[in-house]
Structure formats: C-alpha cells, structure tokens
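run_33.tsv follows (TSV, C-alpha atoms):
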```tsv
chain	number	residue	atom	x	y	z
A	1	MET	CA	218.96	54.86	4.97
A	2	ARG	CA	218.73	58.31	3.45
A	3	SER	CA	219.97	61.04	5.75
A	4	LEU	CA	217.72	64.03	6.34
A	5	LEU	CA	219.30	67.40	5.81
A	6	PRO	CA	217.80	70.77	6.65
A	7	VAL	CA	216.41	72.54	3.62
A	8	LYS	CA	216.74	76.27	3.29
A	9	ALA	CA	213.53	78.13	2.63
A	10	ASN	CA	213.84	79.80	-0.70
A	11	LEU	CA	210.99	82.31	-0.72
A	12	PRO	CA	210.86	84.87	-3.47
A	13	GLY	CA	211.74	88.41	-2.45
A	14	PRO	CA	208.17	89.77	-2.80
A	15	SER	CA	206.84	86.97	-0.57
A	16	LYS	CA	209.37	87.84	2.15
A	17	ILE	CA	208.32	91.46	1.97
A	18	LEU	CA	204.64	90.49	2.15
A	19	ILE	CA	205.19	88.25	5.19
A	20	GLY	CA	207.20	90.98	6.89
A	21	LEU	CA	204.42	93.49	6.24
A	22	LEU	CA	201.81	91.08	7.61
A	23	ILE	CA	203.80	90.55	10.82
A	24	LEU	CA	204.36	94.30	11.18
A	25	THR	CA	200.68	95.02	10.56
A	26	ALA	CA	199.67	92.46	13.22
A	27	PHE	CA	201.59	94.47	15.80
A	28	PHE	CA	199.38	97.49	15.15
A	29	LEU	CA	195.99	95.79	14.87
A	30	PRO	CA	193.60	96.31	17.81
A	31	SER	CA	193.65	93.50	20.38
A	32	PRO	CA	190.90	92.37	22.83
A	33	TYR	CA	192.93	93.33	25.91
A	34	VAL	CA	193.29	96.15	28.42
A	35	LEU	CA	196.43	97.19	30.27
A	36	LEU	CA	196.62	97.52	34.06
A	37	SER	CA	199.49	99.46	35.64
A	38	PRO	CA	200.25	100.74	39.17
A	39	GLY	CA	198.73	104.09	40.13
A	40	ASN	CA	200.07	106.61	42.65
A	41	PRO	CA	198.66	106.31	46.20
A	42	GLN	CA	196.53	109.32	47.23
A	43	ASN	CA	196.64	110.54	50.82
A	44	ILE	CA	193.13	111.19	52.20
A	45	LEU	CA	194.07	112.78	55.53
A	46	GLY	CA	194.36	116.23	53.99
A	47	SER	CA	191.36	117.90	52.39
A	48	ALA	CA	189.82	114.75	50.88
A	49	ILE	CA	187.65	114.20	54.00
A	50	LYS	CA	185.73	117.18	55.38
A	51	ILE	CA	183.59	116.83	58.50
A	52	SER	CA	181.28	119.49	59.94
A	53	GLY	CA	179.02	119.31	62.98
A	54	ALA	CA	181.41	117.19	65.06
A	55	THR	CA	184.79	117.63	66.76
A	56	VAL	CA	187.66	116.86	64.37
A	57	TYR	CA	191.11	115.95	65.70
A	58	PRO	CA	194.50	116.55	64.03
A	59	THR	CA	196.17	113.68	62.20
A	60	THR	CA	199.75	113.05	61.15
A	61	GLY	CA	201.31	110.91	58.43
A	62	LYS	CA	199.74	109.49	55.29
A	63	LEU	CA	196.75	107.21	54.89
A	64	SER	CA	196.44	106.53	51.17
A	65	VAL	CA	193.99	104.98	48.76
A	66	THR	CA	195.78	102.89	46.15
A	67	SER	CA	194.66	102.59	42.56
A	68	VAL	CA	195.24	100.85	39.26
A	69	MET	CA	195.50	102.65	35.96
A	70	VAL	CA	193.31	100.83	33.43
A	71	THR	CA	192.99	101.64	29.75
A	72	ASP	CA	189.38	102.53	28.97
A	73	PRO	CA	187.17	100.23	26.85
A	74	ASP	CA	187.44	102.52	23.82
A	75	SER	CA	191.25	102.57	23.84
A	76	TYR	CA	193.06	101.24	20.76
A	77	ILE	CA	195.35	98.59	22.29
A	78	THR	CA	197.64	97.04	19.69
A	79	GLY	CA	199.69	93.87	19.66
A	80	PHE	CA	202.75	96.05	20.15
A	81	ASP	CA	201.22	97.55	23.33
A	82	VAL	CA	200.55	94.04	24.66
A	83	LEU	CA	204.11	92.91	23.89
A	84	TYR	CA	205.56	96.04	25.52
A	85	GLY	CA	203.46	95.44	28.63
A	86	TRP	CA	204.86	91.92	28.95
A	87	VAL	CA	208.43	93.14	28.47
A	88	VAL	CA	208.15	95.99	31.00
A	89	GLY	CA	206.81	93.56	33.61
A	90	ASP	CA	204.87	95.93	35.89
A	91	ARG	CA	201.79	95.93	33.68
A	92	ALA	CA	199.10	93.29	33.60
A	93	ILE	CA	197.53	92.23	30.31
A	94	VAL	CA	193.90	91.26	30.87
A	95	PRO	CA	191.14	90.28	28.42
A	96	ARG	CA	188.86	93.28	27.93
A	97	ASP	CA	185.69	91.37	28.85
A	98	GLU	CA	187.12	90.54	32.31
A	99	ILE	CA	187.13	94.26	33.15
A	100	TYR	CA	184.36	95.80	31.07
A	101	PRO	CA	180.92	94.38	30.24
A	102	LYS	CA	180.38	93.76	26.55
A	103	GLY	CA	179.40	96.95	24.73
A	104	GLU	CA	180.23	99.29	27.62
A	105	SER	CA	181.62	102.63	26.42
A	106	ALA	CA	184.25	104.76	28.11
A	107	GLN	CA	181.55	107.21	29.22
A	108	GLN	CA	179.42	104.44	30.72
A	109	SER	CA	182.47	102.98	32.45
A	110	LYS	CA	183.35	106.35	33.98
A	111	GLN	CA	179.78	106.86	35.20
A	112	ASN	CA	179.66	103.37	36.70
A	113	GLY	CA	182.96	104.02	38.46
A	114	THR	CA	181.63	107.30	39.86
A	115	ASP	CA	178.45	105.62	41.10
A	116	GLU	CA	180.46	102.84	42.75
A	117	MET	CA	182.75	105.41	44.38
A	118	ASN	CA	179.79	107.37	45.77
A	119	GLY	CA	178.26	104.20	47.17
A	120	SER	CA	181.62	103.20	48.65
A	121	GLN	CA	182.00	106.56	50.39
A	122	ALA	CA	178.51	106.36	51.87
A	123	ASN	CA	179.16	102.82	53.14
A	124	ALA	CA	182.54	103.91	54.53
A	125	THR	CA	180.96	106.77	56.44
A	126	ALA	CA	178.20	104.51	57.79
A	127	ALA	CA	180.72	101.85	58.85
A	128	ALA	CA	183.03	104.41	60.51
A	129	LEU	CA	180.24	106.12	62.44
A	130	SER	CA	178.78	102.78	63.52
A	131	TYR	CA	182.23	101.72	64.78
A	132	LEU	CA	182.41	104.95	66.81
A	133	GLY	CA	178.93	104.42	68.27
A	134	TYR	CA	176.94	106.97	66.27
A	135	LYS	CA	173.43	106.15	65.04
A	136	SER	CA	172.51	106.54	61.37
A	137	THR	CA	169.40	105.74	59.35
A	138	SER	CA	169.18	104.50	55.79
A	139	LYS	CA	166.72	103.92	52.96
A	140	LEU	CA	167.02	101.71	49.88
A	141	ILE	CA	166.25	103.88	46.86
A	142	ILE	CA	165.88	102.79	43.24
A	143	GLY	CA	168.44	104.60	41.09
A	144	GLU	CA	167.75	103.42	37.54
A	145	VAL	CA	165.33	100.98	35.90
A	146	ASN	CA	166.66	98.83	33.05
A	147	ILE	CA	164.63	99.52	29.92
A	148	LYS	CA	164.99	95.85	28.87
A	149	SER	CA	163.71	94.42	32.16
A	150	ASN	CA	160.19	93.61	33.32
A	151	SER	CA	160.51	96.37	35.93
A	152	PHE	CA	160.47	99.06	33.24
A	153	LYS	CA	157.33	101.25	33.50
A	154	VAL	CA	156.39	99.37	36.69
A	155	LEU	CA	159.02	100.71	39.07
A	156	GLN	CA	160.49	104.22	38.95
A	157	ALA	CA	163.70	105.95	39.90
A	158	ALA	CA	163.46	107.42	43.44
A	159	ASP	CA	161.01	104.72	44.62
A	160	GLN	CA	161.94	103.59	48.14
A	161	ILE	CA	162.04	99.82	48.58
A	162	ILE	CA	160.09	98.80	51.66
A	163	SER	CA	160.19	95.03	51.28
A	164	LEU	CA	160.86	92.20	48.83
A	165	ASP	CA	158.66	89.11	49.19
A	166	ASN	CA	157.41	90.57	52.50
A	167	LYS	CA	160.92	90.79	53.97
A	168	GLU	CA	162.76	94.01	54.81
A	169	TYR	CA	166.40	94.51	53.81
A	170	VAL	CA	169.01	97.01	54.96
A	171	SER	CA	171.49	96.89	52.08
A	172	PRO	CA	171.55	96.32	48.30
A	173	SER	CA	173.93	93.38	48.80
A	174	GLU	CA	171.33	91.57	50.92
A	175	ILE	CA	168.82	91.87	48.08
A	176	LEU	CA	171.38	90.60	45.58
A	177	ASP	CA	172.13	87.63	47.84
A	178	TYR	CA	168.42	86.83	48.00
A	179	LEU	CA	168.06	87.06	44.20
A	180	ASP	CA	170.97	84.65	43.77
A	181	GLN	CA	168.59	81.97	45.05
A	182	LYS	CA	166.07	82.77	42.29
A	183	GLN	CA	165.78	81.90	38.61
A	184	PRO	CA	164.87	84.12	35.64
A	185	GLY	CA	161.11	83.96	35.21
A	186	ASP	CA	160.39	83.65	38.94
A	187	LEU	CA	157.95	86.17	40.38
A	188	VAL	CA	158.85	88.45	43.29
A	189	SER	CA	156.64	90.83	45.20
A	190	ILE	CA	158.17	94.25	45.78
A	191	LYS	CA	156.63	96.95	47.98
A	192	VAL	CA	157.76	100.54	47.37
A	193	LEU	CA	157.01	104.03	48.65
A	194	ARG	CA	156.51	106.47	45.79
A	195	GLY	CA	156.58	110.14	46.62
A	196	GLU	CA	155.45	111.14	50.11
A	197	ASN	CA	152.72	108.62	50.88
A	198	GLU	CA	151.86	106.35	47.92
A	199	ILE	CA	152.63	102.72	48.82
A	200	LEU	CA	152.56	100.24	45.92
A	201	THR	CA	152.99	96.48	45.80
A	202	LYS	CA	154.04	95.06	42.42
A	203	GLN	CA	154.64	91.55	41.07
A	204	ILE	CA	157.81	91.47	38.93
A	205	LYS	CA	158.93	88.59	36.72
A	206	LEU	CA	162.70	88.35	37.10
A	207	SER	CA	164.83	88.97	34.01
A	208	ALA	CA	168.13	87.29	33.14
A	209	ARG	CA	171.68	88.57	32.96
A	210	ASP	CA	174.03	87.39	30.23
A	211	ASP	CA	175.36	84.75	32.64
A	212	GLY	CA	171.85	83.41	33.28
A	213	SER	CA	171.43	84.78	36.81
A	214	ALA	CA	168.20	86.49	37.87
A	215	ILE	CA	167.75	90.25	38.24
A	216	ILE	CA	164.90	92.63	38.96
A	217	GLY	CA	166.42	95.14	36.56
A	218	ILE	CA	167.02	98.05	38.91
A	219	SER	CA	170.01	99.71	40.53
A	220	ILE	CA	169.67	100.26	44.28
A	221	GLU	CA	171.30	103.00	46.32
A	222	ASN	CA	171.60	103.08	50.09
A	223	LYS	CA	170.65	106.62	51.13
A	224	PHE	CA	171.95	107.37	54.62
A	225	THR	CA	171.04	110.08	57.08
A	226	PHE	CA	174.01	110.80	59.35
A	227	PRO	CA	174.08	112.79	62.62
A	228	PHE	CA	176.54	115.26	61.04
A	229	THR	CA	178.05	116.00	57.63
A	230	VAL	CA	180.88	113.93	56.19
A	231	LYS	CA	182.07	114.74	52.67
A	232	ILE	CA	184.67	112.67	50.84
A	233	ASN	CA	186.11	113.97	47.59
A	234	LEU	CA	188.95	112.26	45.75
A	235	ALA	CA	189.63	113.38	42.20
A	236	GLU	CA	190.40	111.08	39.27
A	237	THR	CA	189.45	107.90	41.15
A	238	GLY	CA	186.45	105.63	40.67
A	239	GLY	CA	185.15	102.29	41.82
A	240	PRO	CA	184.41	100.84	45.26
A	241	SER	CA	187.89	99.73	46.36
A	242	GLY	CA	188.71	102.77	48.51
A	243	GLY	CA	185.99	101.98	51.06
A	244	LEU	CA	188.22	100.54	53.80
A	245	ILE	CA	190.69	103.43	53.68
A	246	PHE	CA	187.91	106.05	53.60
A	247	ALA	CA	186.37	104.50	56.72
A	248	LEU	CA	189.73	104.52	58.53
A	249	GLY	CA	190.25	108.15	57.54
A	250	VAL	CA	186.88	109.18	58.99
A	251	ILE	CA	187.65	107.30	62.22
A	252	ASP	CA	191.10	108.88	62.52
A	253	LYS	CA	189.68	112.39	62.14
A	254	LEU	CA	186.96	111.75	64.74
A	255	THR	CA	189.24	110.03	67.28
A	256	PRO	CA	191.52	111.82	69.78
A	257	GLU	CA	194.08	109.03	69.35
A	258	ASP	CA	196.26	109.57	66.26
A	259	LEU	CA	195.87	106.18	64.57
A	260	VAL	CA	198.23	106.75	61.64
A	261	ASN	CA	200.77	108.43	63.93
A	262	SER	CA	203.20	109.90	61.36
A	263	ARG	CA	203.46	106.64	59.41
A	264	ASN	CA	203.00	106.02	55.70
A	265	ILE	CA	200.05	103.63	55.45
A	266	ALA	CA	198.03	102.60	52.41
A	267	GLY	CA	195.59	99.90	51.43
A	268	THR	CA	192.53	98.82	49.52
A	269	GLY	CA	189.25	96.96	49.96
A	270	THR	CA	185.53	97.43	49.54
A	271	ILE	CA	183.45	97.93	52.65
A	272	THR	CA	179.84	97.39	53.65
A	273	ALA	CA	177.86	99.65	55.95
A	274	THR	CA	178.38	97.03	58.68
A	275	GLY	CA	182.18	97.11	58.28
A	276	GLN	CA	182.85	93.93	56.28
A	277	VAL	CA	185.91	94.27	54.01
A	278	GLY	CA	185.62	92.73	50.54
A	279	PRO	CA	188.10	91.78	47.78
A	280	ILE	CA	189.16	93.98	44.87
A	281	GLY	CA	190.96	93.62	41.54
A	282	GLY	CA	194.50	94.63	40.64
A	283	ILE	CA	196.01	93.83	44.03
A	284	THR	CA	199.51	93.25	42.65
A	285	GLU	CA	199.59	96.59	40.83
A	286	LYS	CA	198.35	98.37	43.96
A	287	ILE	CA	201.10	96.83	46.08
A	288	ILE	CA	203.71	97.86	43.49
A	289	GLY	CA	202.37	101.43	43.54
A	290	ALA	CA	202.48	101.46	47.35
A	291	ARG	CA	206.03	100.08	47.40
A	292	ARG	CA	207.20	102.81	45.05
A	293	ALA	CA	205.69	105.39	47.43
A	294	SER	CA	207.64	103.92	50.40
A	295	VAL	CA	204.49	102.72	52.18
A	296	GLU	CA	205.23	100.92	55.48
A	297	ILE	CA	201.94	99.06	56.04
A	298	PHE	CA	199.61	97.91	53.27
A	299	LEU	CA	196.13	96.77	54.32
A	300	THR	CA	194.62	94.17	52.00
A	301	PRO	CA	191.30	92.28	52.11
A	302	ILE	CA	191.98	88.83	53.48
A	303	ALA	CA	190.04	87.42	50.51
A	304	ASN	CA	192.80	88.77	48.21
A	305	CYS	CA	195.57	86.78	49.90
A	306	SER	CA	195.34	84.01	47.31
A	307	ASP	CA	195.92	86.61	44.55
A	308	ILE	CA	199.20	87.90	46.02
A	309	LYS	CA	202.08	86.02	44.41
A	310	ASN	CA	205.86	86.40	44.88
A	311	VAL	CA	205.40	88.23	48.19
A	312	ASP	CA	209.15	88.64	48.84
A	313	GLN	CA	209.65	90.30	45.48
A	314	LEU	CA	206.59	92.52	45.87
A	315	THR	CA	207.40	93.78	49.35
A	316	LYS	CA	211.09	94.65	49.00
A	317	GLY	CA	211.59	98.19	47.81
A	318	SER	CA	214.71	100.26	47.51
A	319	GLY	CA	217.03	100.55	50.51
A	320	LYS	CA	215.54	99.38	53.79
A	321	ASN	CA	211.93	99.90	52.72
A	322	VAL	CA	209.95	96.68	53.15
A	323	ILE	CA	206.15	96.81	53.11
A	324	LYS	CA	204.16	94.83	55.63
A	325	ILE	CA	201.20	93.33	53.77
A	326	VAL	CA	198.51	92.94	56.42
A	327	PRO	CA	195.22	91.14	55.64
A	328	VAL	CA	191.97	92.19	57.33
A	329	ALA	CA	188.37	91.00	57.09
A	330	THR	CA	186.62	93.80	58.98
A	331	LEU	CA	186.99	97.48	59.80
A	332	THR	CA	187.45	96.54	63.46
A	333	GLU	CA	190.45	94.37	62.53
A	334	ALA	CA	191.95	97.20	60.46
A	335	VAL	CA	191.69	99.67	63.35
A	336	ALA	CA	193.29	97.09	65.65
A	337	VAL	CA	196.22	96.78	63.21
A	338	LEU	CA	196.78	100.55	63.27
A	339	LYS	CA	196.87	100.44	67.08
A	340	LEU	CA	199.60	97.78	67.19
A	341	PRO	CA	202.99	98.94	68.52
A	342	ALA	CA	205.87	99.26	66.05
A	343	ASN	CA	207.60	96.10	67.29
A	344	ALA	CA	204.45	93.95	67.20
A	345	THR	CA	203.98	90.86	65.06
A	346	TYR	CA	201.51	91.79	62.34
A	347	PRO	CA	199.02	89.39	60.75
A	348	SER	CA	200.12	88.11	57.34
A	349	CYS	CA	198.70	86.15	54.43
A	350	PRO	CA	199.39	82.41	54.68
A	351	LYS	CA	202.15	81.22	52.38
A	352	ALA	CA	201.12	78.95	49.54
A	353	ALA	CA	202.06	75.30	50.02
```
Since I need it in another form, could you write the structure as structure tokens?
Amino acid sequence: MRSLLPVKANLPGPSKILIGLLILTAFFLPSPYVLLSPGNPQNILGSAIKISGATVYPTTGKLSVTSVMVTDPDSYITGFDVLYGWVVGDRAIVPRDEIYPKGESAQQSKQNGTDEMNGSQANATAAALSYLGYKSTSKLIIGEVNIKSNSFKVLQAADQIISLDNKEYVSPSEILDYLDQKQPGDLVSIKVLRGENEILTKQIKLSARDDGSAIIGISIENKFTFPFTVKINLAETGGPSGGLIFALGVIDKLTPEDLVNSRNIAGTGTITATGQVGPIGGITEKIIGARRASVEIFLTPIANCSDIKNVDQLTKGSGKNVIKIVPVATLTEAVAVLKLPANATYPSCPKAA
C-alpha cells in the first residue's frame, strides 16, 4: 500500500502576494453588521425631569437609564471591525437588518428613535400619575400617513381616531393588537375627528408590511392631557427603553418617601400608559454598562430574563460590587422592589435548566 505523505504547496510568489492582498482587502470591505457596545448610565433624578404645578420632593442617590451604543445604518463596518468586536468581547455583532429596517438611513433612524423616546416619556408620565392616583385624559392622533398605503389622501396627520370598526381604543398598541388579527386586503372602518368638528368615517383596505402582516399605513400618537406639567429631557438617547425608569423618576419626585434613598439604581424597559413593562434589546450590554458604573440594583423586564446569559459573570464587578438583577412585569412591582429593605430577598430571573 502506498503511503500518503503531506505535499507542500508550491505557489508562485505573485500568487502568494495576490492571495495575501485578497485576504487583507476582505478585512476592509463593508460587512452587513452593526456593533452594539455598553453605554454609560444616565442619572435622571437631577435636571432630566422637571415638574411644575405640583409639590416636588427631594431625592437622593442615582436612578439611571441604561443604553446601548449602536453604529448607525450608514456606518462603514469592515470585516476588521467585526473581528475586533469578537476579540474585545464586550461588543455584540448583529446583522444590520435585525436592528434597522431595509433602506433606513441614519437620519430616519435618529428621527424614529426620537419619536419613540417622546412616546415613551408620555407613557411613563401617564403610568406614574395613574399609579399616584391622578387623572389624565388622552387622544389617539394620527402622526404620519404612509404614501404607499391605501390611507394616503384619505386620512391626514392630526386626525383624531374616534373608533376602528365601531370600537374605541385607548392606546396605539391596542389598535396594533387588533390589526394582528387581520389580513392585507381586509377592509376596516375608521372614524376620525378632523379639525374642530368634522367627523368622517372612512373604509380603508389594509396594506401589507414586508413580513406580510396587515397595516393601515399610519403612525399613531397618544396625546395626553395631564393635571400639571411634567417635562423629561435626556440628551443623546433615543428609543422607548427608558420608559420604566422615567416613570419611577416621576414617582420619586412626587412622593414624600425617598424611594431611591441614596442608592445607585439603574434599569431598562418599555412601559405602557397602564404601567405594563415590556422587553427591550441589548440587555447584556446594558447590564455591563451598569456594572461598570457600580450600580447596586438593575431592574429588567421579566420578559428579558431568557436573554440574560452567564449571570454570575455579568453581575460580578470589581471589588465587592455585585449587581442584583431584578425582573419586573409592572410599574407597581418596580416600586415595590425599591421599597424593599436592604436585607430583603429580591426577586430574580429563574436559572436555565
């Protein structure tokens, strides 16, 4: 039997140079990914929340919104950037289309983030005031009409939605849930108030998203009227994930009891006007950012528990600093956590089997 011996590759010098250049070039070609990295927590108990027309009480400690730094959709991310992100270890490499819709520009992304932040702040204020027993009113207002939808030239920005298929709704999410039961091409009847006193009822054929789900083709804003003025302003941050922390900040400022009580607390989570806490993206990066800032308690949506891996590694910081990751499903639960004594047993995410 003939023995098999390894054979040395004997490529000509120019071929080796060409292959080397191709490999090197590949490192600097654009790749279809974005990079996620931990952001710095931002304390909102200072000047970020301003309230007028109601008694405001002093607060102590830090209550911070956590964030994730994400490269924008127009960024030139190379193969080298991706490789470096893997080596560093505290950056996530995510396909671009998981973060940004196809064709979305950096400007559009920034505007969408701002709109989501504004909606989050309004919901947070509504949830906080409802928790404290204040009464607020709201209207569902059309923000934009998609030029490619059947609603274009039928509905208008600033129309107030009165009903959809003869049923009244109190939040945009309720309308979205209803539309999830529909198919593109179905007809819906929408009643709107235009201007001061013009009431219109229109039949709209539902359009389709890229994923095949049905849409009317409008953005809907919940316009609240509160009993006093609450303004939330946080620079360089967008998206809806600060809702839970904003609501807690409003409650802390309007409550004689100091809920944060000189502690360093942070967290994340969307919130509805009724106080339901929803999941967010980038939970691992947010926990890492909080750990670096020596946060003691990190509030997470309970729906994100399955996304939190390697809890022991995530929670142990330098020295004696260990973060308590506490899951919550509602604003009421989050307030209850802040009222727990220091030696209490805190809720925790279930460990994976």
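The residue that comes closest to Thr66 in chain A, out of A:Cys349, A:Leu254, A:Ile204, A:Ile287 and on the basis of all atoms listed in the file, is A:Ile287.
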Practice task
Identify which of the residues A:Thr284, A:Thr270, A:Gln181, A:Ser171 lies closest to Phe246 in chain A, counting all atoms listed in the file when measuring atom-to-atom distances.
Solution key: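 The closest residue to Phe246 in chain A is A:Thr270.
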Exercise for the section: Could you tell me how far CA of Pro256 in chain A lies from CA of Val230 in chain A, in Å and to one decimal? Expected result: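 Separation between CA of Pro256 in chain A and CA of Val230 in chain A: 17.4 Å.
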Problem - Neighbour list for Val260 in chain A as a PyMOL selection string, cut-off 7 Å, only C-alpha atoms, skip fewer than 5 positions in-chain - result: chain A and resi 60-61+63+338
Problem - Residue with smallest distance to Phe224 in chain A - pool A:Ala303, A:Ile147, A:Val337, A:Ala273, counting only C-alpha atoms - result: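 Ranking A:Ala303, A:Ile147, A:Val337, A:Ala273 by distance to Phe224 in chain A, first place goes to A:Ala273.
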Slice of the block: range 283-298 of chain A, N, CA, C and O atoms, as an mmCIF file, in the first residue's frame:
```cif
data_model
loop_
_atom_site.group_PDB
_atom_site.id
_atom_site.type_symbol
_atom_site.label_atom_id
_atom_site.label_comp_id
_atom_site.auth_asym_id
_atom_site.auth_seq_id
_atom_site.Cartn_x
_atom_site.Cartn_y
_atom_site.Cartn_z
ATOM 1 N N ILE A 283 -29.896 43.787 26.252
ATOM 2 C CA ILE A 283 -29.917 43.687 27.711
ATOM 3 C C ILE A 283 -28.537 43.384 28.287
ATOM 4 O O ILE A 283 -28.139 43.949 29.324
ATOM 5 N N THR A 284 -27.767 42.523 27.637
ATOM 6 C CA THR A 284 -26.439 42.194 28.154
ATOM 7 C C THR A 284 -25.541 43.409 28.194
ATOM 8 O O THR A 284 -24.855 43.668 29.196
ATOM 9 N N GLU A 285 -25.524 44.198 27.116
ATOM 10 C CA GLU A 285 -24.685 45.392 27.063
ATOM 11 C C GLU A 285 -25.113 46.410 28.121
ATOM 12 O O GLU A 285 -24.281 47.099 28.715
ATOM 13 N N LYS A 286 -26.411 46.492 28.392
ATOM 14 C CA LYS A 286 -26.892 47.434 29.401
ATOM 15 C C LYS A 286 -26.463 47.010 30.803
ATOM 16 O O LYS A 286 -26.108 47.852 31.640
ATOM 17 N N ILE A 287 -26.491 45.714 31.060
ATOM 18 C CA ILE A 287 -26.033 45.227 32.366
ATOM 19 C C ILE A 287 -24.538 45.483 32.537
ATOM 20 O O ILE A 287 -24.077 45.894 33.610
ATOM 21 N N ILE A 288 -23.761 45.260 31.475
ATOM 22 C CA ILE A 288 -22.316 45.518 31.542
ATOM 23 C C ILE A 288 -22.056 46.988 31.837
ATOM 24 O O ILE A 288 -21.222 47.340 32.679
ATOM 25 N N GLY A 289 -22.789 47.890 31.156
ATOM 26 C CA GLY A 289 -22.635 49.319 31.411
ATOM 27 C C GLY A 289 -22.992 49.685 32.838
ATOM 28 O O GLY A 289 -22.318 50.504 33.475
ATOM 29 N N ALA A 290 -24.054 49.060 33.376
ATOM 30 C CA ALA A 290 -24.461 49.323 34.756
ATOM 31 C C ALA A 290 -23.424 48.804 35.746
ATOM 32 O O ALA A 290 -23.107 49.455 36.746
ATOM 33 N N ARG A 291 -22.877 47.616 35.459
ATOM 34 C CA ARG A 291 -21.851 47.043 36.344
ATOM 35 C C ARG A 291 -20.625 47.944 36.418
ATOM 36 O O ARG A 291 -20.076 48.169 37.494
ATOM 37 N N ARG A 292 -20.231 48.469 35.278
ATOM 38 C CA ARG A 292 -19.065 49.368 35.254
ATOM 39 C C ARG A 292 -19.314 50.632 36.055
ATOM 40 O O ARG A 292 -18.371 51.247 36.575
ATOM 41 N N ALA A 293 -20.580 51.054 36.160
ATOM 42 C CA ALA A 293 -20.935 52.259 36.915
ATOM 43 C C ALA A 293 -21.267 51.954 38.366
ATOM 44 O O ALA A 293 -21.816 52.802 39.067
ATOM 45 N N SER A 294 -20.950 50.742 38.826
ATOM 46 C CA SER A 294 -21.152 50.328 40.230
ATOM 47 C C SER A 294 -22.613 50.380 40.661
ATOM 48 O O SER A 294 -22.928 50.714 41.807
ATOM 49 N N VAL A 295 -23.518 50.044 39.735
ATOM 50 C CA VAL A 295 -24.945 50.001 40.068
ATOM 51 C C VAL A 295 -25.215 48.852 41.038
ATOM 52 O O VAL A 295 -24.657 47.761 40.906
ATOM 53 N N GLU A 296 -26.085 49.088 42.027
ATOM 54 C CA GLU A 296 -26.414 48.076 43.039
ATOM 55 C C GLU A 296 -27.602 47.218 42.621
ATOM 56 O O GLU A 296 -27.607 45.997 42.804
ATOM 57 N N ILE A 297 -28.652 47.861 42.070
ATOM 58 C CA ILE A 297 -29.864 47.154 41.665
ATOM 59 C C ILE A 297 -30.159 47.499 40.212
ATOM 60 O O ILE A 297 -30.202 48.671 39.840
ATOM 61 N N PHE A 298 -30.345 46.462 39.405
ATOM 62 C CA PHE A 298 -30.657 46.661 37.985
ATOM 63 C C PHE A 298 -32.040 46.070 37.720
ATOM 64 O O PHE A 298 -32.251 44.867 37.862
#
```
